[in-house]
file protein20.csv (CSV, C-alpha atoms and all ligand atoms)
chain,number,residue,atom,x,y,z
A,131,MET,CA,150.1,202.9,68.3
A,132,LYS,CA,147.5,202.1,65.6
A,133,ALA,CA,144.2,204.0,66.0
A,134,MET,CA,141.0,204.8,64.1
A,135,VAL,CA,141.1,208.6,63.9
A,136,PHE,CA,139.0,211.4,62.4
A,137,HIS,CA,140.6,214.9,61.9
A,138,GLU,CA,137.5,216.6,60.8
A,139,HIS,CA,133.7,216.0,61.1
A,140,GLY,CA,131.7,214.3,58.4
A,141,GLY,CA,130.8,210.8,57.1
A,142,VAL,CA,132.7,207.6,57.8
A,143,GLU,CA,135.2,208.5,55.0
A,144,LYS,CA,136.7,210.9,57.5
A,145,LEU,CA,137.9,207.9,59.6
A,146,HIS,CA,141.5,206.8,59.0
A,147,TYR,CA,143.4,203.8,60.4
A,148,GLN,CA,146.8,205.3,61.2
A,149,ASP,CA,149.7,205.6,63.5
A,150,PHE,CA,148.9,207.8,66.4
A,151,PRO,CA,151.1,208.9,69.4
A,152,ASP,CA,150.9,206.6,72.4
A,153,PRO,CA,149.0,208.3,75.3
A,154,GLU,CA,151.2,210.1,77.9
A,155,LEU,CA,150.4,209.2,81.5
A,156,GLN,CA,149.6,211.7,84.3
A,157,PRO,CA,150.6,210.4,87.7
A,158,GLY,CA,147.1,209.1,88.6
A,159,ASP,CA,146.6,207.4,85.3
A,160,CYS,CA,146.9,203.8,84.1
A,161,LEU,CA,147.7,202.7,80.5
A,162,VAL,CA,145.3,200.1,79.3
A,163,ARG,CA,145.9,197.8,76.2
A,164,VAL,CA,142.5,197.7,74.5
A,165,LYS,CA,141.4,194.1,74.0
A,166,ALA,CA,137.9,195.0,72.8
A,167,VAL,CA,135.9,198.2,72.2
A,168,ALA,CA,132.2,198.6,71.5
A,169,LEU,CA,130.3,201.2,69.5
A,170,ASN,CA,127.2,203.1,70.5
A,171,GLY,CA,124.4,205.1,68.9
A,172,PHE,CA,126.4,208.3,69.7
A,173,GLU,CA,129.3,207.5,67.3
A,174,PRO,CA,127.5,208.9,64.2
A,175,MET,CA,126.4,212.0,66.3
A,176,ILE,CA,130.0,212.7,67.3
A,177,LEU,CA,131.6,211.9,63.9
A,178,GLN,CA,129.0,214.0,62.1
A,179,LYS,CA,128.8,216.7,64.8
A,180,THR,CA,125.1,216.7,65.3
A,181,THR,CA,125.5,217.3,69.0
A,182,ALA,CA,126.7,220.5,70.8
A,183,LEU,CA,129.4,218.5,72.7
A,184,PRO,CA,132.8,220.1,72.4
A,185,THR,CA,134.7,217.2,70.6
A,186,PRO,CA,138.4,217.9,70.3
A,187,LEU,CA,140.1,217.0,67.0
A,188,PRO,CA,141.8,214.8,66.1
A,189,MET,CA,139.4,212.3,67.8
A,190,ILE,CA,139.3,208.6,68.3
A,191,PRO,CA,135.7,207.1,68.7
A,192,GLY,CA,134.7,204.3,71.1
A,193,GLY,CA,133.6,204.7,74.7
A,194,ASP,CA,133.1,201.0,75.8
A,195,ILE,CA,136.5,199.6,76.5
A,196,ALA,CA,137.8,196.4,78.1
A,197,GLY,CA,141.5,195.5,78.3
A,198,GLU,CA,144.6,194.9,80.3
A,199,ILE,CA,146.7,197.2,82.4
A,200,VAL,CA,150.2,197.6,80.9
A,201,GLU,CA,151.5,200.5,83.0
A,202,LEU,CA,150.7,202.3,86.2
A,203,GLY,CA,151.3,206.1,86.8
A,204,SER,CA,153.5,207.1,89.7
A,205,ALA,CA,150.4,207.9,91.9
A,206,ALA,CA,148.4,204.9,90.7
A,207,ASN,CA,150.7,202.4,92.2
A,208,ASP,CA,149.0,202.0,95.6
A,209,GLY,CA,148.5,198.2,95.3
A,210,GLN,CA,144.9,198.3,94.1
A,211,TRP,CA,145.9,197.6,90.5
A,212,ARG,CA,148.7,195.6,89.0
A,213,VAL,CA,150.1,195.3,85.4
A,214,GLY,CA,148.2,192.5,83.7
A,215,ASP,CA,144.9,193.1,85.6
A,216,ARG,CA,141.8,192.7,83.3
A,217,VAL,CA,139.7,195.9,83.5
A,218,SER,CA,136.6,197.6,82.3
A,219,ILE,CA,136.7,201.3,81.9
A,220,TYR,CA,134.0,203.6,83.5
A,221,PRO,CA,134.1,206.1,80.6
A,222,MET,CA,133.0,209.3,82.3
A,223,VAL,CA,136.1,211.0,83.6
A,224,PRO,CA,135.9,214.0,86.0
A,225,ASP,CA,137.2,217.2,84.4
A,226,GLU,CA,137.7,215.5,81.0
A,227,GLY,CA,134.2,214.3,80.2
A,228,MET,CA,133.0,211.3,78.3
A,229,THR,CA,135.5,208.9,76.6
A,230,GLY,CA,134.9,208.8,72.8
A,231,GLU,CA,132.9,212.1,73.0
A,232,THR,CA,135.0,214.8,74.6
A,233,ARG,CA,138.2,212.8,75.3
A,234,LEU,CA,139.9,210.2,73.1
A,235,GLY,CA,138.1,206.9,72.8
A,236,GLY,CA,139.1,203.3,72.6
A,237,CYS,CA,139.2,202.5,68.9
A,238,CYS,CA,143.0,202.1,69.2
A,239,GLU,CA,145.6,200.0,70.9
A,240,LEU,CA,146.3,201.9,74.1
A,241,VAL,CA,144.2,204.2,76.3
A,242,ARG,CA,145.1,206.5,79.2
A,243,ILE,CA,142.6,206.4,82.0
A,244,PRO,CA,142.6,207.6,85.6
A,245,ALA,CA,143.0,204.6,88.0
A,246,GLY,CA,139.7,205.7,89.7
A,247,ASN,CA,137.9,204.9,86.4
A,248,LEU,CA,138.9,201.2,86.4
A,249,LEU,CA,136.7,198.3,87.3
A,250,PRO,CA,137.7,194.7,87.6
A,251,VAL,CA,136.4,192.3,85.0
A,252,PRO,CA,135.2,189.0,86.5
A,253,ASP,CA,137.4,186.0,85.6
A,254,ASP,CA,134.6,184.2,83.7
A,255,LEU,CA,133.7,187.3,81.6
A,256,ASP,CA,135.6,187.6,78.3
A,257,PHE,CA,136.8,190.9,76.9
A,258,VAL,CA,134.2,191.0,74.1
A,259,ARG,CA,131.2,190.8,76.4
A,260,ALA,CA,132.8,193.0,79.0
A,261,ALA,CA,133.3,195.7,76.3
A,262,SER,CA,129.6,195.4,75.2
A,263,LEU,CA,128.2,196.4,78.6
A,264,PRO,CA,129.2,199.8,80.1
A,265,ILE,CA,127.3,202.4,78.2
A,266,ALA,CA,124.2,200.6,76.8
A,267,TYR,CA,123.7,198.1,79.6
A,268,GLY,CA,124.7,200.5,82.4
A,269,THR,CA,122.3,203.1,81.0
A,270,ALA,CA,119.5,200.6,80.7
A,271,LEU,CA,120.0,199.3,84.2
A,272,ARG,CA,119.7,202.7,85.7
A,273,MET,CA,116.7,203.6,83.6
A,274,MET,CA,114.8,200.4,84.2
A,275,VAL,CA,115.7,199.8,87.8
A,276,SER,CA,117.0,202.9,89.7
A,277,ARG,CA,114.8,205.4,87.9
A,278,GLY,CA,112.0,203.4,86.3
A,279,ARG,CA,111.4,200.8,89.1
A,280,VAL,CA,110.0,198.4,86.5
A,281,ALA,CA,108.2,195.7,88.5
A,282,ALA,CA,107.0,192.1,87.8
A,283,GLY,CA,103.7,192.0,86.0
A,284,GLU,CA,104.0,195.5,84.5
A,285,THR,CA,103.7,196.2,80.8
A,286,VAL,CA,106.6,197.9,79.2
A,287,LEU,CA,106.7,199.4,75.6
A,288,ILE,CA,110.3,199.8,74.3
A,289,LEU,CA,110.8,202.1,71.3
A,290,GLY,CA,114.0,201.5,69.3
A,291,ALA,CA,114.3,198.2,71.1
A,292,THR,CA,116.8,196.9,68.5
A,293,GLY,CA,119.7,199.2,69.5
A,294,GLY,CA,122.3,198.8,72.2
A,295,VAL,CA,120.2,200.4,75.0
A,296,GLY,CA,117.0,198.9,73.6
A,297,THR,CA,118.2,195.3,73.6
A,298,ALA,CA,119.5,195.8,77.1
A,299,CYS,CA,116.1,197.2,78.2
A,300,VAL,CA,114.3,194.2,76.7
A,301,GLN,CA,116.5,191.7,78.6
A,302,LEU,CA,116.3,193.6,81.9
A,303,ALA,CA,112.5,194.1,81.6
A,304,LYS,CA,112.1,190.3,81.1
A,305,LEU,CA,114.4,189.6,84.0
A,306,LEU,CA,112.3,191.9,86.2
A,307,GLY,CA,109.2,189.9,85.2
A,308,ALA,CA,107.5,192.5,83.0
A,309,GLU,CA,105.6,191.9,79.8
A,310,VAL,CA,107.5,193.5,76.9
A,311,ILE,CA,106.2,195.1,73.7
A,312,ALA,CA,109.3,195.8,71.6
A,313,CYS,CA,109.5,198.1,68.6
A,314,GLY,CA,111.9,197.8,65.6
A,315,SER,CA,111.9,198.9,62.0
A,316,ALA,CA,112.6,195.7,60.0
A,317,ASP,CA,111.4,192.1,60.0
A,318,TRP,CA,114.9,190.6,60.7
A,319,LYS,CA,115.1,192.8,63.8
A,320,LEU,CA,111.7,191.8,65.0
A,321,GLU,CA,112.6,188.2,64.7
A,322,LYS,CA,115.7,188.8,66.9
A,323,LEU,CA,113.6,190.7,69.4
A,324,ARG,CA,111.3,187.7,69.8
A,325,GLU,CA,114.4,185.5,70.3
A,326,LEU,CA,115.6,187.9,72.9
A,327,GLY,CA,112.4,187.4,74.9
A,328,ALA,CA,110.0,190.2,73.7
A,329,ASP,CA,106.4,189.1,74.3
A,330,HIS,CA,105.0,191.2,71.5
A,331,VAL,CA,106.7,193.1,68.6
A,332,VAL,CA,105.7,196.2,66.6
A,333,ASP,CA,107.2,197.0,63.2
A,334,THR,CA,107.4,200.8,63.4
A,335,SER,CA,108.1,201.0,59.6
A,336,ARG,CA,104.6,199.8,58.9
A,337,GLU,CA,102.6,200.0,62.2
A,338,ASP,CA,101.5,202.8,64.5
A,339,PHE,CA,102.9,201.8,67.9
A,340,ARG,CA,100.2,203.7,69.8
A,341,LYS,CA,97.4,202.0,67.9
A,342,ALA,CA,99.1,198.6,68.5
A,343,VAL,CA,99.1,199.3,72.2
A,344,TRP,CA,95.5,200.4,72.3
A,345,GLU,CA,94.4,197.3,70.3
A,346,ARG,CA,96.2,195.0,72.8
A,347,TYR,CA,95.6,196.8,76.1
A,348,GLY,CA,92.7,199.1,75.3
A,349,LYS,CA,92.4,202.9,75.1
A,350,PRO,CA,93.5,204.6,78.4
A,351,HIS,CA,90.6,205.4,80.6
A,352,MET,CA,91.1,207.7,83.5
A,353,ARG,CA,88.1,206.8,85.6
A,354,HIS,CA,88.5,203.0,85.3
A,355,LYS,CA,92.3,203.2,85.4
A,356,THR,CA,92.5,200.8,82.4
A,357,GLY,CA,94.1,200.7,79.0
A,358,GLY,CA,97.6,201.5,77.8
A,359,VAL,CA,100.9,200.3,79.2
A,360,ASP,CA,102.6,201.0,82.6
A,361,VAL,CA,105.9,202.1,81.2
A,362,VAL,CA,107.1,203.5,77.8
A,363,ILE,CA,110.9,203.6,77.2
A,364,ASN,CA,111.4,206.5,74.8
A,365,TYR,CA,114.9,207.7,73.8
A,366,ILE,CA,113.7,208.3,70.3
A,367,GLY,CA,111.9,211.6,70.9
A,368,GLY,CA,111.1,213.4,67.6
A,369,ASP,CA,107.5,212.7,66.6
A,370,THR,CA,107.1,209.7,69.0
A,371,TRP,CA,106.7,211.8,72.1
A,372,VAL,CA,103.0,212.6,72.1
A,373,ASP,CA,102.1,209.1,71.0
A,374,GLY,CA,104.3,207.7,73.8
A,375,CYS,CA,102.2,209.7,76.3
A,376,ARG,CA,99.0,208.5,74.6
A,377,ALA,CA,100.1,204.8,74.9
A,378,LEU,CA,100.4,205.1,78.7
A,379,LYS,CA,98.0,203.8,81.3
A,380,PRO,CA,96.6,206.5,83.7
A,381,GLY,CA,99.5,207.2,86.1
A,382,GLY,CA,102.0,205.5,83.8
A,383,ARG,CA,105.6,206.6,83.3
A,384,MET,CA,107.6,207.4,80.3
A,385,LEU,CA,111.4,207.3,80.6
A,386,THR,CA,114.0,208.9,78.3
A,387,CYS,CA,117.8,208.9,78.2
A,388,GLY,CA,118.2,210.5,74.8
A,389,ALA,CA,116.6,211.7,71.6
A,390,SER,CA,117.8,209.7,68.6
A,391,ALA,CA,115.2,211.3,66.3
A,392,GLY,CA,115.3,214.8,67.8
A,393,PHE,CA,115.1,216.5,71.2
A,394,GLN,CA,112.7,219.3,70.3
A,395,THR,CA,109.5,217.3,70.5
A,396,ALA,CA,105.8,218.3,70.3
A,397,ASN,CA,103.9,217.9,73.5
A,398,ASP,CA,100.2,217.7,74.4
A,399,LEU,CA,99.8,218.7,78.0
A,400,ARG,CA,96.2,217.5,78.1
A,401,TYR,CA,97.3,213.9,78.3
A,402,ILE,CA,99.8,214.7,81.0
A,403,TRP,CA,97.4,216.2,83.4
A,404,THR,CA,94.3,214.2,82.5
A,405,TYR,CA,96.0,210.8,82.9
A,406,GLU,CA,98.4,212.0,85.6
A,407,LEU,CA,101.4,210.8,83.6
A,408,ASN,CA,105.0,210.8,84.9
A,409,LEU,CA,107.7,211.9,82.5
A,410,MET,CA,111.1,210.9,83.8
A,411,GLY,CA,114.7,211.4,82.7
A,412,SER,CA,117.6,209.0,83.3
A,413,ASN,CA,121.1,210.0,82.6
A,414,GLY,CA,124.1,207.6,82.4
A,415,TRP,CA,124.8,205.1,85.1
A,416,ARG,CA,127.0,204.6,88.2
A,417,PRO,CA,130.2,202.5,88.4
A,418,GLU,CA,128.1,200.1,90.7
A,419,ASP,CA,125.7,199.6,87.8
A,420,GLN,CA,128.6,198.6,85.5
A,421,LEU,CA,129.9,196.2,88.1
A,422,GLU,CA,126.3,194.8,88.5
A,423,MET,CA,125.9,194.3,84.8
A,424,MET,CA,129.3,192.5,84.5
A,425,ALA,CA,128.2,190.2,87.4
A,426,MET,CA,124.8,189.5,85.7
A,427,VAL,CA,126.6,188.5,82.5
A,428,ALA,CA,129.3,186.5,84.3
A,429,ASP,CA,126.7,184.4,86.2
A,430,GLY,CA,124.5,183.9,83.1
A,431,ARG,CA,121.5,186.0,84.0
A,432,ILE,CA,122.0,188.2,80.9
A,433,GLU,CA,123.6,187.4,77.6
A,434,PRO,CA,124.5,190.7,75.7
A,435,ALA,CA,123.0,190.9,72.2
A,436,LEU,CA,126.0,191.2,69.9
A,437,HIS,CA,125.5,192.4,66.3
A,438,ALA,CA,129.1,191.7,65.2
A,439,VAL,CA,132.6,191.2,66.4
A,440,ARG,CA,135.1,192.5,63.9
A,441,PRO,CA,138.7,193.8,63.5
A,442,LEU,CA,139.2,197.5,64.4
A,443,THR,CA,139.9,198.3,60.8
A,444,GLU,CA,136.2,197.7,60.2
A,445,THR,CA,135.1,200.7,62.3
A,446,PRO,CA,133.9,202.8,59.3
A,447,ILE,CA,131.5,200.1,58.0
A,448,SER,CA,130.3,199.5,61.5
A,449,ILE,CA,129.5,203.2,62.1
A,450,GLN,CA,127.9,203.3,58.7
A,451,GLU,CA,125.6,200.5,59.8
A,452,LEU,CA,124.6,202.5,62.8
A,453,ILE,CA,123.8,205.5,60.5
A,454,GLU,CA,121.7,203.2,58.3
A,455,ARG,CA,120.0,201.5,61.3
A,456,GLN,CA,121.2,198.1,60.2
A,457,VAL,CA,122.3,197.0,63.6
A,458,PHE,CA,120.8,194.8,66.2
A,459,GLY,CA,122.5,195.1,69.6
A,460,LYS,CA,126.2,195.9,70.0
A,461,THR,CA,129.1,195.9,67.6
A,462,VAL,CA,132.4,195.0,69.2
A,463,LEU,CA,135.8,195.8,67.5
A,464,LEU,CA,139.1,194.1,68.2
A,465,PRO,CA,142.4,196.1,67.9
A,501,LIG,N1,121.9,209.7,78.6
A,501,LIG,C1,122.8,208.7,78.6
A,501,LIG,O1,123.6,208.5,79.5
A,501,LIG,C2,122.8,207.8,77.4
A,501,LIG,C3,123.6,206.7,77.3
A,501,LIG,C4,123.5,205.8,76.2
A,501,LIG,C5,122.7,206.1,75.2
A,501,LIG,N2,121.9,207.3,75.2
A,501,LIG,C6,121.0,207.6,74.1
A,501,LIG,O2,120.1,206.5,74.0
A,501,LIG,C7,119.7,206.4,72.6
A,501,LIG,C8,120.0,204.9,72.2
A,501,LIG,O3,121.4,204.7,72.2
A,501,LIG,P1,122.0,203.4,71.5
A,501,LIG,O4,123.4,203.4,71.7
A,501,LIG,O5,121.2,202.2,71.9
A,501,LIG,O6,121.7,203.7,70.0
A,501,LIG,P2,121.4,202.6,68.8
A,501,LIG,O7,122.2,201.4,69.0
A,501,LIG,O8,121.7,203.4,67.5
A,501,LIG,O9,119.9,202.3,68.9
A,501,LIG,C9,118.9,203.3,68.6
A,501,LIG,C10,117.7,202.6,68.0
A,501,LIG,O10,116.7,203.5,67.8
A,501,LIG,C11,115.9,203.2,66.6
A,501,LIG,N3,115.6,204.5,66.0
A,501,LIG,C12,114.4,205.0,65.8
A,501,LIG,N4,114.4,206.2,65.2
A,501,LIG,C13,115.7,206.5,65.0
A,501,LIG,C14,116.4,207.6,64.5
A,501,LIG,N5,115.7,208.6,63.9
A,501,LIG,N6,117.7,207.6,64.4
A,501,LIG,C15,118.4,206.5,65.0
A,501,LIG,N7,117.8,205.4,65.5
A,501,LIG,C16,116.5,205.4,65.5
A,501,LIG,C17,116.8,202.3,65.8
A,501,LIG,O11,116.0,201.1,65.7
A,501,LIG,P3,115.0,200.8,64.5
A,501,LIG,O12,115.7,201.1,63.2
A,501,LIG,O13,114.8,199.3,64.6
A,501,LIG,O14,113.8,201.6,64.8
A,501,LIG,C18,118.0,202.0,66.6
A,501,LIG,O15,118.3,200.6,66.7
A,501,LIG,C19,120.5,207.4,71.9
A,501,LIG,O16,119.7,208.5,71.7
A,501,LIG,C20,121.6,207.7,72.8
A,501,LIG,O17,122.2,209.0,72.6
A,501,LIG,C21,121.9,208.1,76.3
call {"tool": "encode", "arguments": {"input": "protein20.csv", "output": "structure tokens"}}
result
Amino acid sequence: MKAMVFHEHGGVEKLHYQDFPDPELQPGDCLVRVKAVALNGFEPMILQKTTALPTPLPMIPGGDIAGEIVELGSAANDGQWRVGDRVSIYPMVPDEGMTGETRLGGCCELVRIPAGNLLPVPDDLDFVRAASLPIAYGTALRMMVSRGRVAAGETVLILGATGGVGTACVQLAKLLGAEVIACGSADWKLEKLRELGADHVVDTSREDFRKAVWERYGKPHMRHKTGGVDVVINYIGGDTWVDGCRALKPGGRMLTCGASAGFQTANDLRYIWTYELNLMGSNGWRPEDQLEMMAMVADGRIEPALHAVRPLTETPISIQELIERQVFGKTVLLP
């Protein structure tokens, strides 16, 4: 098959479009022809090895995959799946890890996946939109609903709202009835955030988001229980953490699912105890979340924010755009 492969870590020049051996099926596996694969913020981290994850080499990027079953392993032939079924892949595989991080990804023509990791794609959902959903929208759904319990009427500040998870958070927060303050680092991205439904936008390349929150909602006041926002979504980390706490209303909650700008953050415990803040983690999502997101897109409640739909050969430029933060939403590649 053809695949986008890197044999050593480094910049996008390490990616090569080349012939690669077809996957070999284990009895419980299915072989899926990739129809569309989407990129995530972790692609640069894996390619450049800025995480401690044990990435095997050679490696194929891409964890968000939609396609068609072309072959069933001998133990995957129990009638649940048939050749030709349209499927979305739940990318976290027991004993193998995350597709595109610690096991081969989907920037190629064929992927091997245990049958238990397949989910049906609704008839009225195309492959491009199906591929855009698992990691970013699944993660956002768990963070906003299962963990964050964002409710109608709440105020939600979303840092890095322009990325895959961020655009999903903006859409879900609006659907839940919240008021959204969305942060991005360029005018063109802020315009798109407004189009997506953000009530207010903050240009973090020029503005201090904490001050912007205080100006709009007031400085948090413990006795009066006023000021600040109810929820901060913060997977940026780095030097945003303390100001994220300071932007919260007394009793507010800050949620994280990552650390794009660094995981070793400063902290100021005074704000946490004085304002009785809740700092919450959210990790991944469940297959039910992925099914729910597909249903929400199929019935029109959510329209995924797509940055670009391109041929697979354009993976290097697409990952370079992620490195340079020139992306709004999801990039989908077509083998
Ligand atoms: N735990 C999990 O299961 C899970 C799952 C998915 C993602 N994540 C994590 O969630 C985060 C977002 O993922 P994503 O796929 O949405 O990434 P993404 O598409 O690259 O979006 C990240 C956004 O953060 C902003 N940003 C601010 N400071 C940044 C920095 N120093 N480096 C990079 N971006 C920065 C960028 O927007 P502006 O340029 O407009 O500021 C960018 O659009 C990542 O940290 C990722 O590892 C975790």
call {"tool": "closest_residue", "arguments": {"input": "protein20.csv", "among": "A:Ala391, A:Ile402, A:Leu464, A:Val280", "to": "ligand LIG 501 (chain A)", "atoms": "only C-alpha atoms and all ligand atoms"}}
result
A:Ala391
call {"tool": "residues_near_ligand", "arguments": {"input": "protein20.csv", "ligand": "ligand LIG 501 (chain A)", "cutoff": "6 Å", "atoms": "all atoms listed in the file", "output": "PyMOL selection string"}}
result
chain A and resi 170-172+265-266+269+290+292-296+314-315+365-366+387-391+413-414+452+455
call {"tool": "atom_distance", "arguments": {"input": "protein20.csv", "atom1": "atom CA of Val162 of chain A", "atom2": "atom CA of Pro250 of chain A"}}
result
12.5 Å
call {"tool": "closest_residue", "arguments": {"input": "protein20.csv", "among": "A:Gly197, A:Gly381, A:Arg376, A:Pro446", "to": "Lys144 of chain A", "atoms": "only C-alpha atoms"}}
result
A:Pro446
call {"tool": "closest_atom_pairs", "arguments": {"input": "protein20.csv", "of": "segment 183-296 of chain A", "to": "segment 459-463 of chain A", "cutoff": "12 Å", "atoms": "all atoms listed in the file", "output": "CSV"}}
result
residue,atom,partner,partner_atom,distance
A:Pro191,CA,A:Leu463,CA,11.4
A:Gly192,CA,A:Leu463,CA,9.3
A:Gly193,CA,A:Val462,CA,11.2
A:Asp194,CA,A:Val462,CA,8.9
A:Ile195,CA,A:Val462,CA,9.6
A:Ala196,CA,A:Val462,CA,10.5
A:Gly236,CA,A:Leu463,CA,9.7
A:Cys237,CA,A:Leu463,CA,7.6
A:Cys238,CA,A:Leu463,CA,9.7
A:Glu239,CA,A:Leu463,CA,11.2
A:Phe257,CA,A:Val462,CA,9.8
A:Val258,CA,A:Val462,CA,6.6
A:Arg259,CA,A:Val462,CA,8.4
A:Ala260,CA,A:Val462,CA,10.0
A:Ala261,CA,A:Val462,CA,7.2
A:Ser262,CA,A:Lys460,CA,6.2
A:Leu263,CA,A:Lys460,CA,8.8
A:Pro264,CA,A:Lys460,CA,11.2
A:Ile265,CA,A:Lys460,CA,10.5
A:Ala266,CA,A:Lys460,CA,8.5
A:Tyr267,CA,A:Lys460,CA,10.2
A:Gly290,CA,A:Gly459,CA,10.6
A:Ala291,CA,A:Gly459,CA,8.9
A:Thr292,CA,A:Gly459,CA,6.1
A:Gly293,CA,A:Gly459,CA,5.0
A:Gly294,CA,A:Gly459,CA,4.5
A:Val295,CA,A:Gly459,CA,7.9
A:Gly296,CA,A:Gly459,CA,7.8
call {"tool": "decode", "arguments": {"input": "protein20.csv", "residues": "segment 149-165 of chain A", "atoms": "N, CA and C atoms", "output": "tab-separated table (two decimals), in the first residue's frame"}}
result
chain	number	residue	atom	x	y	z
A	149	ASP	N	5.85	3.26	-0.66
A	149	ASP	CA	5.24	1.94	-0.55
A	149	ASP	C	5.55	1.41	0.85
A	150	PHE	N	4.56	0.70	1.41
A	150	PHE	CA	4.71	0.19	2.78
A	150	PHE	C	3.99	-1.16	2.80
A	151	PRO	N	4.49	-2.14	3.56
A	151	PRO	CA	3.82	-3.46	3.57
A	151	PRO	C	2.36	-3.34	4.03
A	152	ASP	N	1.47	-4.09	3.36
A	152	ASP	CA	0.08	-4.14	3.83
A	152	ASP	C	0.06	-4.72	5.25
A	153	PRO	N	-0.88	-4.27	6.10
A	153	PRO	CA	-0.95	-4.83	7.47
A	153	PRO	C	-1.28	-6.32	7.43
A	154	GLU	N	-0.75	-7.07	8.41
A	154	GLU	CA	-1.07	-8.50	8.54
A	154	GLU	C	-2.11	-8.65	9.63
A	155	LEU	N	-3.21	-9.34	9.30
A	155	LEU	CA	-4.32	-9.47	10.25
A	155	LEU	C	-4.06	-10.54	11.30
A	156	GLN	N	-4.38	-10.22	12.56
A	156	GLN	CA	-4.50	-11.22	13.63
A	156	GLN	C	-5.94	-11.73	13.56
A	157	PRO	N	-6.25	-12.90	14.15
A	157	PRO	CA	-7.60	-13.46	13.99
A	157	PRO	C	-8.73	-12.50	14.36
A	158	GLY	N	-8.54	-11.69	15.40
A	158	GLY	CA	-9.64	-10.82	15.84
A	158	GLY	C	-9.70	-9.48	15.12
A	159	ASP	N	-8.84	-9.29	14.11
A	159	ASP	CA	-8.74	-7.98	13.45
A	159	ASP	C	-9.64	-7.88	12.22
A	160	CYS	N	-9.85	-6.64	11.82
A	160	CYS	CA	-10.42	-6.35	10.50
A	160	CYS	C	-9.42	-5.48	9.74
A	161	LEU	N	-9.50	-5.56	8.42
A	161	LEU	CA	-8.70	-4.69	7.57
A	161	LEU	C	-9.64	-3.62	7.03
A	162	VAL	N	-9.26	-2.36	7.22
A	162	VAL	CA	-10.12	-1.24	6.82
A	162	VAL	C	-9.42	-0.43	5.74
A	163	ARG	N	-10.14	-0.16	4.64
A	163	ARG	CA	-9.61	0.75	3.62
A	163	ARG	C	-9.90	2.17	4.08
A	164	VAL	N	-8.85	2.96	4.28
A	164	VAL	CA	-9.02	4.32	4.80
A	164	VAL	C	-9.63	5.20	3.72
A	165	LYS	N	-10.76	5.80	4.03
A	165	LYS	CA	-11.40	6.74	3.09
A	165	LYS	C	-11.07	8.18	3.47
